[in-house]
Amino acid sequence: MNIANSVDELRAVVAGWRRAGETISFVPTMGNLHDGHITLLLKARELATRSVVSIFVNPIQFGRGEDYAKYPSTLESDKQKLQAAGLDLLFAPDLNELYPGGIEEDTRVTVPGLSSILCGQYRPGHFSGVATVVTKLLMNVQPDLALFGDKDYQQVMVIKQMVHDLLMPVKILGQPIVREADGLAMSSRNSYLNAAERALAPQIFQAMNRAREKTLLQNTSLIAIETAGMAELASAGFRPEYFSIRRAQDLSAPQVGDTTLQLLVAAWLGPARLIDNLRIELPEPLKIA
Ligand code: AMP
C-alpha cells in the first residue's frame, strides 16, 4: 500500500497509473475506520483497477461547538485495516496541505437547496464544508468513480448534485448502510456512547422500521407517523432533531401518487449525534401525504 501525505505525492502516483491505463476508484473518509468504510473500499476495488482512500478530518464541515477537536483519530489501526483490505493508495494529508490559505478565507463550494434542509437546517455550513473538501479531493485523486455510504443519504445527494452542476468527470455511487447486528448503523461517532446509551441506540432503527410498517399500511398521514416517531425517540431518552419522510429522489415533501420514499432521522443520544435512514418502497402509490 502506498501512502501519500502531500498533494504532490498523490498526483505523482495517480499520474503514473493514468499513463499505465489504470482505472481509479475513490473512497473519502474521516478515518476511525469500521466495517462500513471497509465495505466501501472492497466495492471500490471491484469496480476499478486501482483504489484510493483518503483520511482527513475536515474542519470546515464542523460547526462551532461540534466535535471537530475530539473526533476520534486511529491512524495506525486504520492503516492496518486498509492494507489488509488490499488498498493501493492512502491519501492522508494534514490541514495545511488541503487548506494552504487557511480555512477562514478559503474558496467554498455550495450546493443550494439540498444543503439547507434536514441536517443542513441543524448544521448550517456543514454541506458547503463537505462539498468544498470533496471537490479538492476529486480534483486531485481524479477518480473514475467515487463511493459514498447511504448512511449519509443527504450527503450523497449533495455530492451528486455538485458533480452534475460542475460537470465533474466522475461517477458517484451510493452504497448500502452497513449495520451492527442489533441494527445500529455503524458510525465513528458510536464510540462516544457509554454502555447504557449504546444499548438504547438501536431504537432508532426499530422506530424507523415501525414507521415504515405504518407508512406501508397507508391509513395514517405521514405527518402523524413522523410526529409519533419523534415522540417515541424522545420518550426513549433521545433528543431527536428530525424524523422525516421525504421523496427519495430529491428529499422534497412527498405527494399523493409517489411510490419511493426515504425516512431520515437525526437524534442526539448523550454526546453523540446519530443519523440513519431507510428506503420505503410503496407497492401502491401514496394515497395520503
Ligand atoms: P466518514 O468517515 O464518517 O466521513 O464516512 C466516510 C464514508 O463512509 C461516507 O461516504 C459515509 O457515508 C460512509 N459510511 C460511514 N458509515 C457507514 C455505514 N455504516 N455504512 C455505509 N457507509 C458508511
# chains A, B, ... in the order shown; residues from 1 in each chain; ligands from 1

call {"tool": "closest_atom_pairs", "arguments": {"of": "chain A", "to": "ligand 1", "cutoff": "7 Å", "atoms": "only C-alpha atoms and all ligand atoms", "output": "JSON lines"}}
result
{"residue": "A:Val27", "atom": "CA", "partner": "ligand 1", "partner_atom_place_in_ligand_line": "7 (C)", "distance": 6.8}
{"residue": "A:Pro28", "atom": "CA", "partner": "ligand 1", "partner_atom_place_in_ligand_line": "6 (C)", "distance": 5.7}
{"residue": "A:Thr29", "atom": "CA", "partner": "ligand 1", "partner_atom_place_in_ligand_line": "6 (C)", "distance": 3.7}
{"residue": "A:Met30", "atom": "CA", "partner": "ligand 1", "partner_atom_place_in_ligand_line": "2 (O)", "distance": 3.8}
{"residue": "A:Gly31", "atom": "CA", "partner": "ligand 1", "partner_atom_place_in_ligand_line": "2 (O)", "distance": 5.2}
{"residue": "A:Asn32", "atom": "CA", "partner": "ligand 1", "partner_atom_place_in_ligand_line": "2 (O)", "distance": 7.0}
{"residue": "A:Leu33", "atom": "CA", "partner": "ligand 1", "partner_atom_place_in_ligand_line": "2 (O)", "distance": 6.9}
{"residue": "A:Gly36", "atom": "CA", "partner": "ligand 1", "partner_atom_place_in_ligand_line": "18 (C)", "distance": 4.0}
{"residue": "A:His37", "atom": "CA", "partner": "ligand 1", "partner_atom_place_in_ligand_line": "8 (O)", "distance": 4.8}
{"residue": "A:Leu40", "atom": "CA", "partner": "ligand 1", "partner_atom_place_in_ligand_line": "22 (N)", "distance": 6.6}
{"residue": "A:Leu147", "atom": "CA", "partner": "ligand 1", "partner_atom_place_in_ligand_line": "10 (O)", "distance": 6.5}
{"residue": "A:Phe148", "atom": "CA", "partner": "ligand 1", "partner_atom_place_in_ligand_line": "10 (O)", "distance": 3.3}
{"residue": "A:Gly149", "atom": "CA", "partner": "ligand 1", "partner_atom_place_in_ligand_line": "12 (O)", "distance": 3.3}
{"residue": "A:Asp150", "atom": "CA", "partner": "ligand 1", "partner_atom_place_in_ligand_line": "12 (O)", "distance": 5.6}
{"residue": "A:Lys151", "atom": "CA", "partner": "ligand 1", "partner_atom_place_in_ligand_line": "12 (O)", "distance": 4.9}
{"residue": "A:Asp152", "atom": "CA", "partner": "ligand 1", "partner_atom_place_in_ligand_line": "12 (O)", "distance": 4.5}
{"residue": "A:Gln175", "atom": "CA", "partner": "ligand 1", "partner_atom_place_in_ligand_line": "21 (C)", "distance": 6.3}
{"residue": "A:Pro176", "atom": "CA", "partner": "ligand 1", "partner_atom_place_in_ligand_line": "21 (C)", "distance": 5.7}
{"residue": "A:Ile177", "atom": "CA", "partner": "ligand 1", "partner_atom_place_in_ligand_line": "20 (N)", "distance": 3.6}
{"residue": "A:Val178", "atom": "CA", "partner": "ligand 1", "partner_atom_place_in_ligand_line": "20 (N)", "distance": 3.8}
{"residue": "A:Arg179", "atom": "CA", "partner": "ligand 1", "partner_atom_place_in_ligand_line": "19 (N)", "distance": 5.6}
{"residue": "A:Ala185", "atom": "CA", "partner": "ligand 1", "partner_atom_place_in_ligand_line": "19 (N)", "distance": 4.7}
{"residue": "A:Met186", "atom": "CA", "partner": "ligand 1", "partner_atom_place_in_ligand_line": "19 (N)", "distance": 3.7}
{"residue": "A:Ser187", "atom": "CA", "partner": "ligand 1", "partner_atom_place_in_ligand_line": "16 (N)", "distance": 4.8}
{"residue": "A:Ser188", "atom": "CA", "partner": "ligand 1", "partner_atom_place_in_ligand_line": "3 (O)", "distance": 6.1}

call {"tool": "closest_atom_pairs", "arguments": {"of": "stretch 108-211 of chain A", "to": "stretch 244-248 of chain A", "cutoff": "10 Å", "atoms": "only C-alpha atoms", "output": "JSON lines"}}
result
{"residue": "A:Leu118", "atom": "CA", "partner": "A:Ser244", "partner_atom": "CA", "distance": 8.2}
{"residue": "A:Tyr153", "atom": "CA", "partner": "A:Ala248", "partner_atom": "CA", "distance": 9.4}
{"residue": "A:Gln154", "atom": "CA", "partner": "A:Ala248", "partner_atom": "CA", "distance": 9.9}
{"residue": "A:Met157", "atom": "CA", "partner": "A:Ala248", "partner_atom": "CA", "distance": 9.8}
{"residue": "A:Met208", "atom": "CA", "partner": "A:Ser244", "partner_atom": "CA", "distance": 9.9}
{"residue": "A:Ala211", "atom": "CA", "partner": "A:Ile245", "partner_atom": "CA", "distance": 9.2}

call {"tool": "closest_residue", "arguments": {"among": "A:Lys43, A:Arg239, A:Lys81, A:Arg212", "to": "A:Arg279", "atoms": "only C-alpha atoms"}}
result
A:Arg212

call {"tool": "closest_residue", "arguments": {"among": "A:Val52, A:Ile117, A:Ala85, A:Ala224", "to": "A:His34", "atoms": "only C-alpha atoms"}}
result
A:Ala85

call {"tool": "atom_distance", "arguments": {"atom1": "atom CA of A:Ala181", "atom2": "atom CA of A:Thr259"}}
result
29.0 Å

call {"tool": "residues_around", "arguments": {"residues": "A:Ala69", "least_positions_apart": "5", "cutoff": "12 Å", "atoms": "only C-alpha atoms", "output": "MDAnalysis selection string"}}
result
chainID A and resid 57:60 62:64

call {"tool": "residues_around", "arguments": {"residues": "A:Gln203", "least_positions_apart": "4", "cutoff": "10 Å", "atoms": "only C-alpha atoms", "output": "PyMOL selection string"}}
result
chain A and resi 182-184+198-199+207-209+232-233+236+238

call {"tool": "closest_residue", "arguments": {"among": "A:Gly257, A:Pro143, A:Pro124, A:Gly270", "to": "A:Leu282", "atoms": "only C-alpha atoms"}}
result
A:Gly257

call {"tool": "select_by_dssp", "arguments": {"residues": "stretch 146-177 of chain A", "states": "strand (DSSP E)", "output": "ChimeraX atom specification"}}
result
/A:146-149,171-175

call {"tool": "decode", "arguments": {"residues": "stretch 154-228 of chain A", "atoms": "C-alpha atoms", "output": "PDB file, in the first residue's frame"}}
result
ATOM      1  CA  GLN A 154     -28.362  13.633   2.105  1.00  0.00           C
ATOM      2  CA  GLN A 155     -24.591  13.926   1.642  1.00  0.00           C
ATOM      3  CA  VAL A 156     -24.704  11.537  -1.342  1.00  0.00           C
ATOM      4  CA  MET A 157     -27.447  13.673  -2.900  1.00  0.00           C
ATOM      5  CA  VAL A 158     -25.480  16.888  -2.342  1.00  0.00           C
ATOM      6  CA  ILE A 159     -22.352  15.368  -3.929  1.00  0.00           C
ATOM      7  CA  LYS A 160     -24.307  14.012  -6.907  1.00  0.00           C
ATOM      8  CA  GLN A 161     -25.868  17.437  -7.456  1.00  0.00           C
ATOM      9  CA  MET A 162     -22.467  19.141  -7.206  1.00  0.00           C
ATOM     10  CA  VAL A 163     -20.827  16.735  -9.667  1.00  0.00           C
ATOM     11  CA  HIS A 164     -23.729  17.212 -12.061  1.00  0.00           C
ATOM     12  CA  ASP A 165     -23.763  21.007 -11.811  1.00  0.00           C
ATOM     13  CA  LEU A 166     -19.966  21.489 -12.012  1.00  0.00           C
ATOM     14  CA  LEU A 167     -19.612  18.962 -14.858  1.00  0.00           C
ATOM     15  CA  MET A 168     -17.088  16.934 -12.889  1.00  0.00           C
ATOM     16  CA  PRO A 169     -15.981  13.878 -14.884  1.00  0.00           C
ATOM     17  CA  VAL A 170     -16.577  11.315 -12.139  1.00  0.00           C
ATOM     18  CA  LYS A 171     -19.330   8.825 -11.353  1.00  0.00           C
ATOM     19  CA  ILE A 172     -20.762   8.983  -7.811  1.00  0.00           C
ATOM     20  CA  LEU A 173     -22.095   5.745  -6.323  1.00  0.00           C
ATOM     21  CA  GLY A 174     -24.123   5.488  -3.103  1.00  0.00           C
ATOM     22  CA  GLN A 175     -23.684   2.194  -1.239  1.00  0.00           C
ATOM     23  CA  PRO A 176     -25.973   0.397   1.273  1.00  0.00           C
ATOM     24  CA  ILE A 177     -25.756   1.146   5.006  1.00  0.00           C
ATOM     25  CA  VAL A 178     -23.681  -1.342   6.999  1.00  0.00           C
ATOM     26  CA  ARG A 179     -25.256  -2.072  10.397  1.00  0.00           C
ATOM     27  CA  GLU A 180     -24.264  -3.697  13.657  1.00  0.00           C
ATOM     28  CA  ALA A 181     -26.038  -6.999  14.447  1.00  0.00           C
ATOM     29  CA  ASP A 182     -28.642  -5.103  16.508  1.00  0.00           C
ATOM     30  CA  GLY A 183     -29.476  -2.710  13.674  1.00  0.00           C
ATOM     31  CA  LEU A 184     -27.469   0.354  14.726  1.00  0.00           C
ATOM     32  CA  ALA A 185     -25.854   1.966  11.685  1.00  0.00           C
ATOM     33  CA  MET A 186     -22.072   1.773  12.024  1.00  0.00           C
ATOM     34  CA  SER A 187     -20.548   5.178  12.700  1.00  0.00           C
ATOM     35  CA  SER A 188     -17.325   6.579  14.086  1.00  0.00           C
ATOM     36  CA  ARG A 189     -19.494   8.573  16.496  1.00  0.00           C
ATOM     37  CA  ASN A 190     -20.916   5.394  18.094  1.00  0.00           C
ATOM     38  CA  SER A 191     -17.703   5.325  20.136  1.00  0.00           C
ATOM     39  CA  TYR A 192     -18.981   8.401  22.036  1.00  0.00           C
ATOM     40  CA  LEU A 193     -21.791   6.292  23.571  1.00  0.00           C
ATOM     41  CA  ASN A 194     -21.498   4.788  27.048  1.00  0.00           C
ATOM     42  CA  ALA A 195     -22.815   1.258  27.663  1.00  0.00           C
ATOM     43  CA  ALA A 196     -26.351   2.381  28.560  1.00  0.00           C
ATOM     44  CA  GLU A 197     -26.560   4.703  25.545  1.00  0.00           C
ATOM     45  CA  ARG A 198     -25.155   2.020  23.255  1.00  0.00           C
ATOM     46  CA  ALA A 199     -27.913  -0.344  24.435  1.00  0.00           C
ATOM     47  CA  LEU A 200     -30.560   2.291  23.589  1.00  0.00           C
ATOM     48  CA  ALA A 201     -29.107   3.316  20.236  1.00  0.00           C
ATOM     49  CA  PRO A 202     -30.702   0.540  18.092  1.00  0.00           C
ATOM     50  CA  GLN A 203     -34.105   2.036  18.944  1.00  0.00           C
ATOM     51  CA  ILE A 204     -33.562   4.457  16.077  1.00  0.00           C
ATOM     52  CA  PHE A 205     -33.599   1.563  13.607  1.00  0.00           C
ATOM     53  CA  GLN A 206     -36.570  -0.014  15.417  1.00  0.00           C
ATOM     54  CA  ALA A 207     -38.550   3.247  15.348  1.00  0.00           C
ATOM     55  CA  MET A 208     -37.758   3.644  11.640  1.00  0.00           C
ATOM     56  CA  ASN A 209     -38.980   0.134  10.908  1.00  0.00           C
ATOM     57  CA  ARG A 210     -42.226   0.752  12.800  1.00  0.00           C
ATOM     58  CA  ALA A 211     -42.714   3.971  10.830  1.00  0.00           C
ATOM     59  CA  ARG A 212     -42.096   2.086   7.591  1.00  0.00           C
ATOM     60  CA  GLU A 213     -44.741  -0.515   8.523  1.00  0.00           C
ATOM     61  CA  LYS A 214     -47.258   2.254   9.280  1.00  0.00           C
ATOM     62  CA  THR A 215     -46.423   4.012   6.025  1.00  0.00           C
ATOM     63  CA  LEU A 216     -46.973   0.810   4.060  1.00  0.00           C
ATOM     64  CA  LEU A 217     -50.454   0.396   5.594  1.00  0.00           C
ATOM     65  CA  GLN A 218     -51.467   3.757   4.083  1.00  0.00           C
ATOM     66  CA  ASN A 219     -54.082   4.574   6.706  1.00  0.00           C
ATOM     67  CA  THR A 220     -52.213   7.297   8.644  1.00  0.00           C
ATOM     68  CA  SER A 221     -50.887  10.622   7.372  1.00  0.00           C
ATOM     69  CA  LEU A 222     -47.124  10.869   7.006  1.00  0.00           C
ATOM     70  CA  ILE A 223     -47.110  13.848   9.384  1.00  0.00           C
ATOM     71  CA  ALA A 224     -48.756  11.713  12.095  1.00  0.00           C
ATOM     72  CA  ILE A 225     -46.183   8.966  11.522  1.00  0.00           C
ATOM     73  CA  GLU A 226     -43.338  11.491  11.790  1.00  0.00           C
ATOM     74  CA  THR A 227     -44.775  13.018  14.970  1.00  0.00           C
ATOM     75  CA  ALA A 228     -45.135   9.568  16.552  1.00  0.00           C
TER      76      ALA A 228
END
